[in-house]
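Notes follow once the structure below has been shown.
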Amino acid sequence: MSEYAVRNRYRTASIVSVLVIAITLAVMILMIGKLSEIFGLFTLIFLALPLISLLAVILYPKIKKGRVVNEIENNIHFYITHLGALATSEVERREMMEIIHKRTEYGALAEETRKIYILMTKWGKNLAQACKFIARRTPSKIFADFLDRMAHELDSGEDLKEFIKREQDVVMSAYTTLYQSKLYSIDIFKEIYVSLIISLSFFAAFGIILPFLTGTPITTILSAVVLIFIMIDLGIMAYLKAIAPSDPIWQQSGKKSDIDLKILRLLALAALISAATIVVLYVLTFFQIRIPLQFAVCIAATPLIIPGLYARREEKLIMDRDRNAPSFLMSLGASASARGGNILQSLKYLTAHDFGILTKNVKALYKRLNTRINKLKAWEKFAIETGSNLIYRFIRMFVEAINLGSDPKDVAEIISKNFITINNLRMRRAQTASSFVGIAYGVTVGIAFSLYISFGVVQTMNSLYASFEQTAIESIGSILHTVPVESLGIVRVLIFIVLAAHALISSFAIKIADGGRWVSGMVHFVGMLWASAGMGYASELVMKYLLNIQSFGS
């Protein structure tokens, strides 16, 4: 089809889309009168459905494009490293593209590479022509620039191996800039997060006091506050996930390691202890031993700290292994190259060296390789046991390139250099995440203080109004309203639901910020629960002595 025909079709489709939108809006305006008579307030729902559908149709291409761009940018560092490792093996260009596009973990990059492979195999294009074609159509600027440079250099007659080796610095520099910009976005997000949560806490505090002015049931207003608070918290978490770098710490092979299985066992144990604790707390009520709600929830949730602490410790060990992995790869590559590519003898020599926390895994790898049963499985087991996503991805590249005939030293140099770059970026990310932890705790304490203080004011106003004489009540009854005593107990429950939900969502957000697993975030969940309960108790004491009211738990 000619370019002119494509433009005509695009112009016709645009005109039809505009007409459809105009007709839809016209029909909605004409129907609004009749709908309001028939359905009343439900008119807005009927009007919103076609608008939402129309908006989804309009935004879908942009959302899809954004997803593709994110997948490319989140994997470009692995992609260029893999290309560099394969280029050292003198493998054919077509075979190189075939190997890359079969790696599903690259996502959209694998699909773009598959298009290059099809252009080379089915349409008879060379690599330079295929790269030019895809560069004009890929949505990612980083990948498009890389393909343009590769097409130009290949047309100029440069060796692909030398070009890919030189491109390591160029692409990794672009990835570093992108990674740092996302960390800067997290820094900005933290300021927005504090402002938004503080505004929400004021909104919730006003919602607690509002029933005295309007007479609206306080449970109705607080239920709406709980729903709004949780929805906005979830929206904040979704936004953080969208802007944070996609760089998980834990390996993503889909296979369970011994560490994963132990975490699952500890989670099951924590759940059983929590269930037993709830039963004990319930039994104590029969002996007139009643623990305030907020402390009862904290005591029941505390066992979750067991798998959380274990997962947190393992994350630190994984990051230690990541820091030692580049030196291990460099030593292995140099030693194997000097021994004519003999990996087994080189590993035997390296078992006497100290690679920190990675030494134990290196020794286990040598023992498995020495059995000569299945070398690929031995390397895979080594990578999975480390628990590291970086080690798992880079070790696969190293082993694959060695099996294709690459010089171990050349492969190790490329992988280790990029490994070190990512480790440095992760150190910066860890600093950003640690500051976010402090902010999350501070905001949680602030929310608890404002809500419990407002609840104390409500109790005071309710007690004061109830003590008025009947004549005074009749004279100001149209101005102030009372809250039933039984509703105050429900309000106490709703307040802690807000705090518990916020603590849970904040613990997930912390792990999104640092790239860890949600299980290790249970430490922060329990910590923020206790912080909320402690602040609630402190607020109770303040209101008790300043306003002479009874305990919140009464």
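Going by the structure tokens order, chains are called A, B, ..., each with residues numbered from 1, while ligands are numbered from 1 in the order shown.
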Residues near range 341-344 of chain A, cut-off 10 Å, only C-alpha atoms, skip fewer than 3 positions along chain, as number ranges by chain: A: 332-338, 347-350, 365-367, 369-370, 372, 402, 405-409
Near-Ala364 in chain A list (10 Å; only C-alpha atoms; drop same-chain fewer than 5 positions) as a PyMOL selection string: chain A and resi 351+359+369-370+378+381-382+385
Selection to disk with N, CA, C and O atoms, as a PDB file, in the first residue's frame:
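See selection03.pdb below for the written result:
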ATOM      1  N   THR A 351      38.286 -21.368  44.562  1.00  0.00           N
ATOM      2  CA  THR A 351      37.654 -21.752  45.822  1.00  0.00           C
ATOM      3  C   THR A 351      38.524 -21.425  47.030  1.00  0.00           C
ATOM      4  O   THR A 351      38.026 -21.353  48.158  1.00  0.00           O
ATOM      5  N   THR A 359      31.471 -16.726  48.663  1.00  0.00           N
ATOM      6  CA  THR A 359      32.433 -17.830  48.671  1.00  0.00           C
ATOM      7  C   THR A 359      31.747 -19.184  48.819  1.00  0.00           C
ATOM      8  O   THR A 359      32.083 -20.153  48.125  1.00  0.00           O
ATOM      9  N   LEU A 369      29.861 -28.806  39.398  1.00  0.00           N
ATOM     10  CA  LEU A 369      30.496 -28.922  38.085  1.00  0.00           C
ATOM     11  C   LEU A 369      31.461 -30.103  38.047  1.00  0.00           C
ATOM     12  O   LEU A 369      31.643 -30.746  36.998  1.00  0.00           O
ATOM     13  N   ASN A 370      32.075 -30.385  39.176  1.00  0.00           N
ATOM     14  CA  ASN A 370      33.051 -31.465  39.236  1.00  0.00           C
ATOM     15  C   ASN A 370      32.407 -32.838  39.092  1.00  0.00           C
ATOM     16  O   ASN A 370      33.075 -33.817  38.724  1.00  0.00           O
ATOM     17  N   ALA A 378      24.024 -26.927  36.832  1.00  0.00           N
ATOM     18  CA  ALA A 378      24.882 -26.524  37.951  1.00  0.00           C
ATOM     19  C   ALA A 378      24.995 -24.998  38.029  1.00  0.00           C
ATOM     20  O   ALA A 378      24.896 -24.414  39.116  1.00  0.00           O
ATOM     21  N   LYS A 381      21.605 -23.599  39.153  1.00  0.00           N
ATOM     22  CA  LYS A 381      21.419 -23.797  40.595  1.00  0.00           C
ATOM     23  C   LYS A 381      22.221 -22.770  41.386  1.00  0.00           C
ATOM     24  O   LYS A 381      21.738 -22.216  42.387  1.00  0.00           O
ATOM     25  N   PHE A 382      23.431 -22.508  40.932  1.00  0.00           N
ATOM     26  CA  PHE A 382      24.274 -21.498  41.585  1.00  0.00           C
ATOM     27  C   PHE A 382      23.598 -20.127  41.566  1.00  0.00           C
ATOM     28  O   PHE A 382      23.527 -19.440  42.593  1.00  0.00           O
ATOM     29  N   GLU A 385      20.452 -20.069  43.851  1.00  0.00           N
ATOM     30  CA  GLU A 385      20.775 -20.109  45.276  1.00  0.00           C
ATOM     31  C   GLU A 385      21.259 -18.761  45.802  1.00  0.00           C
ATOM     32  O   GLU A 385      21.065 -18.451  46.974  1.00  0.00           O
TER      33      GLU A 385
END
CA of Gly84 in chain A to CA of Asp322 in chain A, distance in Å rounded to a single decimal: 20.3 Å
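CA of Val437 in chain A is found 26.9 Å from CA of Ile391 in chain A.
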Polymer residues at most 9 Å from Arg312 in chain A, only C-alpha atoms, same-chain spacing of 2 or more positions, as a ChimeraX atom specification: /A:307-310,314-317,516-517,519-521,523
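Computed from the coordinates, the CA of Ser506 in chain A to CA of Val194 in chain A distance equals 12.0 Å.
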At a cut-off of 9 Å, can you tabulate as a Markdown table every residue of range 395-478 of chain A near range 164-173 of chain A together with its closest atom pair and the distance in Å to one decimal, using only C-alpha atoms and ordering rows by chain then number?
| residue | atom | partner | partner_atom | distance |
| --- | --- | --- | --- | --- |
| A:Ile414 | CA | A:Lys165 | CA | 7.7 |
| A:Asn418 | CA | A:Met172 | CA | 7.3 |
| A:Thr421 | CA | A:Met172 | CA | 7.9 |
Surrounding residues of range 107-123 of chain A excluding itself and chain neighbours under 5 positions, 10 Å, only C-alpha atoms, as a VMD selection string: chain A and resid 67 to 76 79 93 to 102 128 to 135 137 to 138 140 143
Which of range 499-549 of chain A fall in alpha helix (DSSP H), as a ChimeraX atom specification: /A:499-514,522-547
Nearest-residue call for Ser454 in chain A, choices A:Ala204, A:Lys256, A:His524, A:Leu404, using only C-alpha atoms: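 Of A:Ala204, A:Lys256, A:His524, A:Leu404, the one nearest Ser454 in chain A, counting only C-alpha atoms, is A:Ala204.
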Can you tell me which residues surround Met397 in chain A at a distance of at most 9 Å, considering only C-alpha atoms, apart from same-chain residues fewer than 5 positions away, and format the answer as a tab-separated table (two decimals) with all heavy atoms, in the first residue's frame?
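Result written to part14.tsv:
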chain	number	residue	atom	x	y	z
A	81	THR	N	24.27	-5.72	27.36
A	81	THR	CA	25.29	-6.61	27.93
A	81	THR	C	25.25	-7.98	27.25
A	81	THR	O	26.30	-8.57	26.94
A	81	THR	CB	25.06	-6.78	29.44
A	81	THR	OG1	24.99	-5.49	30.07
A	81	THR	CG2	26.20	-7.57	30.08
A	82	HIS	N	24.04	-8.46	27.01
A	82	HIS	CA	23.88	-9.76	26.33
A	82	HIS	C	24.43	-9.69	24.90
A	82	HIS	O	25.13	-10.62	24.44
A	82	HIS	CB	22.39	-10.13	26.31
A	82	HIS	CG	22.16	-11.58	26.05
A	82	HIS	ND1	20.91	-12.16	26.08
A	82	HIS	CD2	23.01	-12.60	25.75
A	82	HIS	CE1	21.01	-13.44	25.82
A	82	HIS	NE2	22.27	-13.74	25.61
A	85	ALA	N	28.19	-9.80	25.14
A	85	ALA	CA	28.70	-11.14	25.43
A	85	ALA	C	28.64	-12.03	24.19
A	85	ALA	O	29.58	-12.78	23.90
A	85	ALA	CB	27.90	-11.75	26.57
A	86	LEU	N	27.53	-11.96	23.44
A	86	LEU	CA	27.39	-12.78	22.24
A	86	LEU	C	28.35	-12.34	21.13
A	86	LEU	O	28.85	-13.17	20.37
A	86	LEU	CB	25.95	-12.73	21.73
A	86	LEU	CG	24.88	-13.38	22.62
A	86	LEU	CD1	23.49	-13.17	22.02
A	86	LEU	CD2	25.16	-14.88	22.78
A	392	TYR	N	21.63	-13.92	38.51
A	392	TYR	CA	20.93	-14.89	37.67
A	392	TYR	C	20.96	-14.49	36.20
A	392	TYR	O	21.25	-15.31	35.32
A	392	TYR	CB	19.48	-15.03	38.15
A	392	TYR	CG	18.65	-15.97	37.30
A	392	TYR	CD1	18.77	-17.35	37.45
A	392	TYR	CD2	17.76	-15.48	36.35
A	392	TYR	CE1	18.01	-18.22	36.68
A	392	TYR	CE2	17.01	-16.35	35.57
A	392	TYR	CZ	17.14	-17.70	35.73
A	392	TYR	OH	16.40	-18.56	34.95
A	402	ILE	N	30.28	-18.41	26.80
A	402	ILE	CA	31.39	-19.36	26.90
A	402	ILE	C	31.10	-20.61	26.06
A	402	ILE	O	31.98	-21.12	25.35
A	402	ILE	CB	31.63	-19.75	28.37
A	402	ILE	CG1	32.10	-18.53	29.17
A	402	ILE	CG2	32.68	-20.87	28.47
A	402	ILE	CD1	33.35	-17.89	28.68
A	411	VAL	N	34.32	-11.75	27.89
A	411	VAL	CA	32.93	-11.76	28.37
A	411	VAL	C	32.85	-11.22	29.78
A	411	VAL	O	31.97	-10.40	30.12
A	411	VAL	CB	32.35	-13.19	28.31
A	411	VAL	CG1	30.92	-13.20	28.82
A	411	VAL	CG2	32.42	-13.75	26.91
A	415	ILE	N	30.59	-7.96	31.22
A	415	ILE	CA	29.54	-8.17	32.22
A	415	ILE	C	29.89	-7.50	33.54
A	415	ILE	O	29.04	-6.84	34.16
A	415	ILE	CB	29.30	-9.68	32.42
A	415	ILE	CG1	28.72	-10.30	31.15
A	415	ILE	CG2	28.38	-9.95	33.61
A	415	ILE	CD1	28.52	-11.79	31.21
Shell around range 252-254 of chain A at 10 Å using only C-alpha atoms, local window under 2 positions removed, as a list of chain:residue names: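 Surrounding residues, per the criterion: A:Glu105, A:Pro248, A:Ile249, A:Trp250, A:Lys256, A:Ser257, A:Glu380, A:Ala383, A:Ile384, A:Gly387, A:Ser388, A:Asn389, A:Leu390, A:Tyr392, A:Arg393.
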Counting only C-alpha atoms, the residue of A:Ala325, A:Val283, A:Ile447, A:Ala271 that sits nearest Ile422 in chain A: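 Of all the options, A:Ala325 lies closest to Ile422 in chain A.
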Residues within 10 Å of Thr219 in chain A, only C-alpha atoms, excluding chain neighbours under 6 positions, as a PyMOL selection string: chain A and resi 207-208+211+225+483+487-491+494
